[in-house]
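Student: Below is one structure. I have some questions about it.
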Amino acid sequence: MKNLLSLSLACSLLLSPKSISADAGPMANSKKVSAVEYLYADVSDANSILGTIDSGLLSTYRGKDRAAWEQFYREKRAKLAKKLERLPGSGLSGGDIRAIAAMRKQMKAFTGGGALFGPAAKCQDAARKDIAYPDLNSSLVACFVEIGNSLNFEGNKINRVSALDLLHETSDPGRRKAVFFAFVPLWQAINGSNEPDSPYRRMIAGASAQAAKNGSEIDNAARDIGIDAAEVERWLVQILDAWRESSGDTMVEPWDFRFEAGQADRLLGTYIPRESLQPINQRYYRDLGADLEQMGTLYDLFPRPEKAALAYTEFVTHGRMVNGAWRPTVARVTAPYERGGLFVLNELVHENGHVVNITAIRNRPAFVEWPSDLFAEAFADVPSWSTYEPLWQRRYIGHEAPEQLSLRALYSVVVLDVAWSLFELRMLRAPLTDPNALWTEITSRYLHIVPHPELSWWAVRVQLADLPGYMVNYGLGAILTAEMRQHISEALGAFDTGNPRWYGWVSEHLLRYGSERDTRTLMQDFLGRPVSPQALLEHIHRLKPVSLHATGDHSTDSAGLLLFCRPTVPQDSPSFHHKDHSLHGMDIFCGISRYRNDVRGFPLFKGTDLT
Ligand SMILES: [Zn+2]
C-alpha cells in the first residue's frame, strides 16, 4: 500500500474556465509562484525526511539529525504558509493556479514527522467510550501494532503478515485453524464482542458522518473512474458474482479459504526463501528497465516490535530540478517480513510498483506527489500480478505452478479485497449494520465461505481502521490493473518476463504527471475509452473450478497414506514413489508419504485428478 495520509487532489485541480483568461503579467507572476514552489519542495522534503527518521529507519539524513530537520521544517513551513497566502489571486496562468491549489491542499496533510501506522495512541483506549472518530482510528491502528505484530501461535509470536501467509501454506488442517484463531485477540480489540457500541462500530459511525459531509474514499474512487457510488457497488458485485460462478459451489471454512485457493503458493513457497525476496524483486524491475538500486530506494524489510504492522511505500525526498538537472525522487519501502513465499513476494513487487510510480514523476514541485489512491494502488499491481504468471515464475523462481492454480491464487486475493470494498461501502452507507452479519452475507454468498457470524474475522486489515473506505482502492483498483496490463501488453508486447522498454513507456504515458492529472482523464486518454470492468470479469470467468482437492485430510487414501505432488523430483525423501504427469506443460511428480507431517510446499492432490 501507499501511505494513506496523502490526499486525493483530482477534484481540486480541475481548472475553472475563468482562470485561463489571459492578463497583464502571467510570466512575472509565474516567477513568484516558482519561488514559492521551491520553498514548498524544501518543506515537503523535510516533512518526508522526518517521517523516514520516525519510522526507525534512519537517525540522520544528509548529515542532519531529527532536531535539526524539525527546526528546518518549522521555520520553512511558517514562511511557506505566509508566502502561499500572499500570492496574487489574478494574473496567473492556469498551471500556476492549479499548482497553488495543490500546494495548499498537500501542505494540510504534512504531519512534520510521526511514525506512519505506528501511532502514539494506545490500543486499550479503543475501548473508551469517550473517544470518537478520528482519534478512535489511531487507537485501532495501535491495536494492529500492539496485537497484530505479536500473535500467539504454537508457543511463538508471529506477525499478521506471516499468519496470513501461513493460512495459504499450512497443510495440516488443525494447524491452519490454529493460525486463524491466533487472530482472536485482534478481532476482539477491534470489534469487541460485536456489540452495537464496539470500538469499530463507533468508529465507522463517525467515519460515515464525516463522509456524508466531505465525501468518502468510495466517492473519491467513483469520481476517479468517472462513475457514481451506486455504479461502484454494481461493479464490485459483478466481480464477486464472476468468482461465485467460476469457483465451484463447495462451501469452505474461513480458515480453509486461502489454503484452498493457494495451491500455487504451496508449490512455489519452498523456492522463495525470505532472503530471495529482494534479489528476485530487483532483477524483475531491472528487466523492466527500472534499476531500483540505482534509484537509491531505501528498504526496511525486517520486523521490529514497534514497527508499522503492514507494508507501505513513501517518499524520502521529492524529485526536482537542481541547477538545470533533475535530482531524482528517493523512495523507501517498509515491511515486516519474517517469511518468504509467493504471497509475500507479490506484496514486495506491489510496493516497488509504488516506488517506480513516484520515481517516474517529472513535474514542477507542486505535482511531485502521489496520484490518486485508486490509481496508485491499481498501478502497483500492474507489475505485481505477473508473479502469478507461470512464465514469470519460471524465469524468476526457476519453477512454475500450473496457470489455473496460479491465477486462482491471484484472483482469490483480489476477490477478498473486493469483498472488503463492498463491506466498507455498505458499512459507510448504513453504519448501524451489524458488521459480522454483513461480512458473513458477502463471504458466504460470493466466496462460498461457511457462515461464522460469531467471529469478526474480517478485522485483519489495517486499512479498515486507518482510513475507512480505503479498501475500495484495491477492490475497484483491480479493474484498472486489468485494463492497464492489457493495454500495455497490446501496445508494448508482453512484460511478464521483463521488457526493457516498459519503464520508459509507462513513465511517459501514465506516471510522469504525478498528482497533476486526474485519474479519470489519464485513464480515458490512455485507453482511448472509459474504464470498464470487462477485462477483469473475463479473466475471472476463464478460471475453471479446480478439481484438485487440496486438503490434507481429504487426500488420505484407504491405507492412511498421503498422496502429494511437487514440480521437481524430491532429492530428500526416500518415501516418494515417482510418477510423472504432464499438467499444463509442467512435469509434476507425485508421491505417497507415510508421514502425516505438514508438508509445506507439497500440495496434496488426489492422484486420479492429475491424469
Ligand atoms: Zn499499495
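Every chain in the C-alpha cells takes a letter, A first, then B, and so on in the order presented; its residues are numbered from 1, and the ligands are numbered from 1 following the presented order.
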Collect all residues with atoms no farther than 8 Å from ligand 1, counting only C-alpha atoms and all ligand atoms, and output them as a compact mmCIF listing (two decimals) with N, CA and C atoms, in the first residue's frame.
Tutor:
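Dumped to out_15.txt:
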# COMPACT_ATOMS: atom_id res chain seq x y z
N MET A 1 0.83 -1.18 0.00
CA MET A 1 0.00 0.00 0.00
C MET A 1 0.87 1.24 0.00
N LYS A 2 0.28 2.32 -0.44
CA LYS A 2 0.97 3.60 -0.34
C LYS A 2 0.65 4.20 1.03
N ASN A 3 1.27 5.28 1.33
CA ASN A 3 0.95 5.98 2.57
C ASN A 3 -0.46 6.55 2.46
N ALA A 311 2.98 -3.39 5.11
CA ALA A 311 3.98 -2.87 4.17
C ALA A 311 3.45 -1.58 3.55
N TYR A 312 4.33 -0.57 3.43
CA TYR A 312 3.93 0.64 2.72
C TYR A 312 5.15 1.30 2.08
N THR A 313 4.87 2.22 1.17
CA THR A 313 5.92 2.93 0.44
C THR A 313 5.68 4.43 0.58
N HIS A 350 4.51 -5.39 -5.44
CA HIS A 350 3.49 -4.32 -5.40
C HIS A 350 4.09 -3.04 -4.81
N GLU A 351 4.77 -3.16 -3.68
CA GLU A 351 5.36 -1.97 -3.05
C GLU A 351 6.34 -1.29 -4.00
N HIS A 354 4.84 0.93 -6.42
CA HIS A 354 4.70 2.31 -5.90
C HIS A 354 6.01 3.07 -6.07
N ALA A 376 -2.82 4.81 -7.70
CA ALA A 376 -1.56 4.33 -7.10
C ALA A 376 -1.66 2.84 -6.78
N GLU A 377 -2.75 2.43 -6.14
CA GLU A 377 -2.87 1.01 -5.78
C GLU A 377 -3.04 0.15 -7.03
N ALA A 380 0.37 -0.19 -8.88
CA ALA A 380 1.35 -1.04 -8.18
C ALA A 380 1.12 -2.52 -8.48
Student: One decimal, Å: what's the distance from CA of Thr481 in chain A over to CA of His448 in chain A, could you say?
Tutor: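 Separating CA of Thr481 in chain A from CA of His448 in chain A is a distance of 25.1 Å.
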Student: Work out how far CA of Lys64 in chain A is from CA of Pro328 in chain A, in Å to one decimal.
Tutor: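 Computing it gives 20.0 Å between the two atoms.
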Student: Find the nearest atom pair between each residue of range 255-331 of chain A and range 393-404 of chain A for residues within 9 Å, count only C-alpha atoms, give distances in Å to one decimal, sort rows by chain and ascending number, and present the table as a Markdown table.
Tutor:
| residue | atom | partner | partner_atom | distance |
| --- | --- | --- | --- | --- |
| A:Gln263 | CA | A:Ala401 | CA | 8.3 |
| A:Ala264 | CA | A:Ala401 | CA | 5.4 |
| A:Asp265 | CA | A:Ala401 | CA | 8.4 |
| A:Leu267 | CA | A:Ala401 | CA | 6.3 |
| A:Leu268 | CA | A:His399 | CA | 7.0 |
| A:Tyr271 | CA | A:Ile397 | CA | 6.6 |
| A:Ile272 | CA | A:Ile397 | CA | 7.0 |
| A:Ile280 | CA | A:Tyr396 | CA | 6.1 |
| A:Asn281 | CA | A:Tyr396 | CA | 8.7 |
| A:Arg283 | CA | A:Tyr396 | CA | 8.0 |
| A:Tyr284 | CA | A:Tyr396 | CA | 7.4 |
Student: Restrict the selected residues to N, CA and C atoms and save them as a compact mmCIF listing (two decimals), in the first residue's frame.
Tutor:
# COMPACT_ATOMS: atom_id res chain seq x y z
N GLN A 263 -2.92 -23.11 -3.79
CA GLN A 263 -2.04 -24.24 -4.14
C GLN A 263 -0.75 -23.76 -4.82
N ALA A 264 -0.85 -22.69 -5.61
CA ALA A 264 0.36 -22.16 -6.26
C ALA A 264 1.36 -21.68 -5.20
N ASP A 265 0.84 -21.05 -4.14
CA ASP A 265 1.73 -20.59 -3.06
C ASP A 265 2.49 -21.77 -2.47
N LEU A 267 3.09 -24.77 -3.97
CA LEU A 267 4.01 -25.36 -4.94
C LEU A 267 5.33 -24.62 -4.98
N LEU A 268 5.26 -23.29 -4.79
CA LEU A 268 6.46 -22.47 -5.00
C LEU A 268 7.08 -21.96 -3.71
N TYR A 271 10.70 -22.49 -2.76
CA TYR A 271 11.72 -21.91 -3.65
C TYR A 271 11.87 -20.41 -3.45
N ILE A 272 11.09 -19.86 -2.51
CA ILE A 272 11.16 -18.40 -2.29
C ILE A 272 11.48 -18.13 -0.82
N ILE A 280 15.05 -11.26 -6.24
CA ILE A 280 14.07 -11.55 -7.30
C ILE A 280 13.38 -10.26 -7.73
N ASN A 281 12.94 -9.49 -6.72
CA ASN A 281 12.25 -8.23 -6.98
C ASN A 281 13.12 -7.29 -7.81
N ARG A 283 15.70 -7.98 -9.70
CA ARG A 283 16.00 -8.49 -11.04
C ARG A 283 14.82 -8.24 -11.98
N TYR A 284 13.61 -8.47 -11.47
CA TYR A 284 12.42 -8.25 -12.32
C TYR A 284 12.34 -6.79 -12.76
Student: Which of range 95-334 of chain A end up as alpha helix (DSSP H) when DSSP is run on this backbone - answer as a ChimeraX atom specification?
Tutor: /A:95-108,135-146,160-169,173-181,184-191,199-214,217-225,229-246,254-261,263-269,277-287
Student: Name all residues at most 9 Å from Met295 in chain A (count only C-alpha atoms; drop same-chain ones fewer than 4 positions away) and give them as a list in words.
Tutor: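 The residues that qualify are Ala290, Asp291, Pro328, Thr329, Val330, Ala331 and Thr359 of chain A.
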Student: Can you write just those residues out, C-alpha atoms, as a PDB file, in the first residue's frame?
Tutor:
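Ended up saving to again.pdb:
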ATOM      1  CA  ALA A 290      13.923   0.206 -13.731  1.00  0.00           C
ATOM      2  CA  ASP A 291      17.089  -0.128 -11.634  1.00  0.00           C
ATOM      3  CA  PRO A 328      15.518  12.105  -8.701  1.00  0.00           C
ATOM      4  CA  THR A 329      12.940  11.160  -6.110  1.00  0.00           C
ATOM      5  CA  VAL A 330      14.176   8.811  -3.398  1.00  0.00           C
ATOM      6  CA  ALA A 331      11.584   6.362  -2.079  1.00  0.00           C
ATOM      7  CA  THR A 359      10.266   7.841  -9.053  1.00  0.00           C
TER       8      THR A 359
END
Student: When you draw a straight line from CA of Ile204 in chain A to CA of Pro134 in chain A, how long is it in Å?
Tutor: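 Separation of CA of Ile204 in chain A and CA of Pro134 in chain A: 9.8 Å.
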Student: Neighbouring residues of range 146-149 of chain A were defined as those with any atom within 8 Å, considering only C-alpha atoms; residues of the same chain fewer than 6 positions away were excluded. Please report them as a PyMOL selection string.
Tutor: chain A and resi 123+158-160+183+185-186+305-306+309
Student: Quick one: everything within 7 Å of range 494-509 of chain A, counting only C-alpha atoms, minus sequence neighbours fewer than 2 positions away in the same chain. Send it as a ChimeraX atom specification.
Tutor: /A:284,287-290,360,386,391-392,395,489,492,511-512,526
Student: Could you pull the residues within 12 Å of Arg445 in chain A, counting only C-alpha atoms, minus those fewer than 5 positions along the same chain, as a PyMOL selection string?
Tutor: chain A and resi 237+240-245+247+249-252+419+437-440+450-451
Student: For the residues in that selection, give me C-alpha atoms as an mmCIF file, in the first residue's frame.
Tutor:
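Output contents, as saved in selection_12.cif:
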data_model
loop_
_atom_site.group_PDB
_atom_site.id
_atom_site.type_symbol
_atom_site.label_atom_id
_atom_site.label_comp_id
_atom_site.auth_asym_id
_atom_site.auth_seq_id
_atom_site.Cartn_x
_atom_site.Cartn_y
_atom_site.Cartn_z
ATOM 1 C CA VAL A 237 -20.936 -7.208 -7.114
ATOM 2 C CA LEU A 240 -17.864 -11.185 -6.843
ATOM 3 C CA ASP A 241 -20.533 -12.850 -8.964
ATOM 4 C CA ALA A 242 -17.932 -13.843 -11.548
ATOM 5 C CA TRP A 243 -15.916 -15.533 -8.798
ATOM 6 C CA ARG A 244 -19.027 -17.183 -7.357
ATOM 7 C CA GLU A 245 -19.797 -18.693 -10.752
ATOM 8 C CA SER A 247 -15.147 -21.222 -8.245
ATOM 9 C CA ASP A 249 -20.055 -24.483 -5.140
ATOM 10 C CA THR A 250 -18.315 -26.350 -2.343
ATOM 11 C CA MET A 251 -18.553 -24.398 0.913
ATOM 12 C CA VAL A 252 -15.247 -23.950 2.767
ATOM 13 C CA ALA A 419 -15.371 -8.318 -0.598
ATOM 14 C CA ALA A 437 -23.615 -10.273 9.698
ATOM 15 C CA LEU A 438 -22.710 -8.204 6.629
ATOM 16 C CA TRP A 439 -19.317 -9.890 6.224
ATOM 17 C CA THR A 440 -20.948 -13.292 6.618
ATOM 18 C CA VAL A 450 -19.257 -21.215 5.732
ATOM 19 C CA PRO A 451 -21.116 -18.591 7.831
#
Student: As a ChimeraX atom specification, please: the residues near Ala465 in chain A (cut-off 6 Å, only C-alpha atoms, same-chain neighbours under 6 positions excluded).
Tutor: /A:137,140-141
Student: Please write the residues from the selection above to a file, keeping N, CA and C atoms, as a compact mmCIF listing (two decimals), in the first residue's frame.
Tutor:
# COMPACT_ATOMS: atom_id res chain seq x y z
N ASN A 137 -9.64 5.99 15.52
CA ASN A 137 -8.89 5.29 14.47
C ASN A 137 -7.46 5.03 14.89
N LEU A 140 -7.24 2.17 17.17
CA LEU A 140 -7.45 0.89 16.47
C LEU A 140 -6.22 0.51 15.65
N VAL A 141 -5.58 1.51 15.03
CA VAL A 141 -4.33 1.22 14.31
C VAL A 141 -3.27 0.72 15.30
Student: Please determine, counting only C-alpha atoms, which residue among A:His452, A:Arg429, A:Arg223, A:Arg62 has the shortest atom-to-atom distance to Thr521 in chain A.
Tutor: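 Using only C-alpha atoms, the shortest distance to Thr521 in chain A belongs to A:Arg223.
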Student: Using only C-alpha atoms, find the one residue out of A:Ser139, A:Thr334, A:Ser421, A:Ser48 that sits nearest to Arg304 in chain A.
Tutor: A:Thr334
Student: With only C-alpha atoms as the basis for distance, which of A:Ala221, A:Ala163, A:Leu57, A:Ala46 is at the shortest distance from Asp300 in chain A?
Tutor: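 So, comparing all the options, the nearest one is A:Leu57.
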Student: I'd like to know which residues of range 42-198 of chain A are strand (DSSP E) (by DSSP, run on the backbone); could you write them as a ChimeraX atom specification?
Tutor: /A:60-61,64-65,151-153,156-158
Student: Using only C-alpha atoms, which of the listed residues (A:Ala182, A:Leu164, A:Ile190, A:Val333) sits closest to Val413 in chain A?
Tutor: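 With only C-alpha atoms as the atom set, the closest residue is A:Leu164.
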Student: Pick the closest to Leu116 in chain A from A:Ala212, A:Ile227, A:Ile53, A:Val322: which is it, counting only C-alpha atoms?
Tutor: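 Between A:Ala212, A:Ile227, A:Ile53, A:Val322, the residue approaching Leu116 in chain A most closely is A:Ile53.
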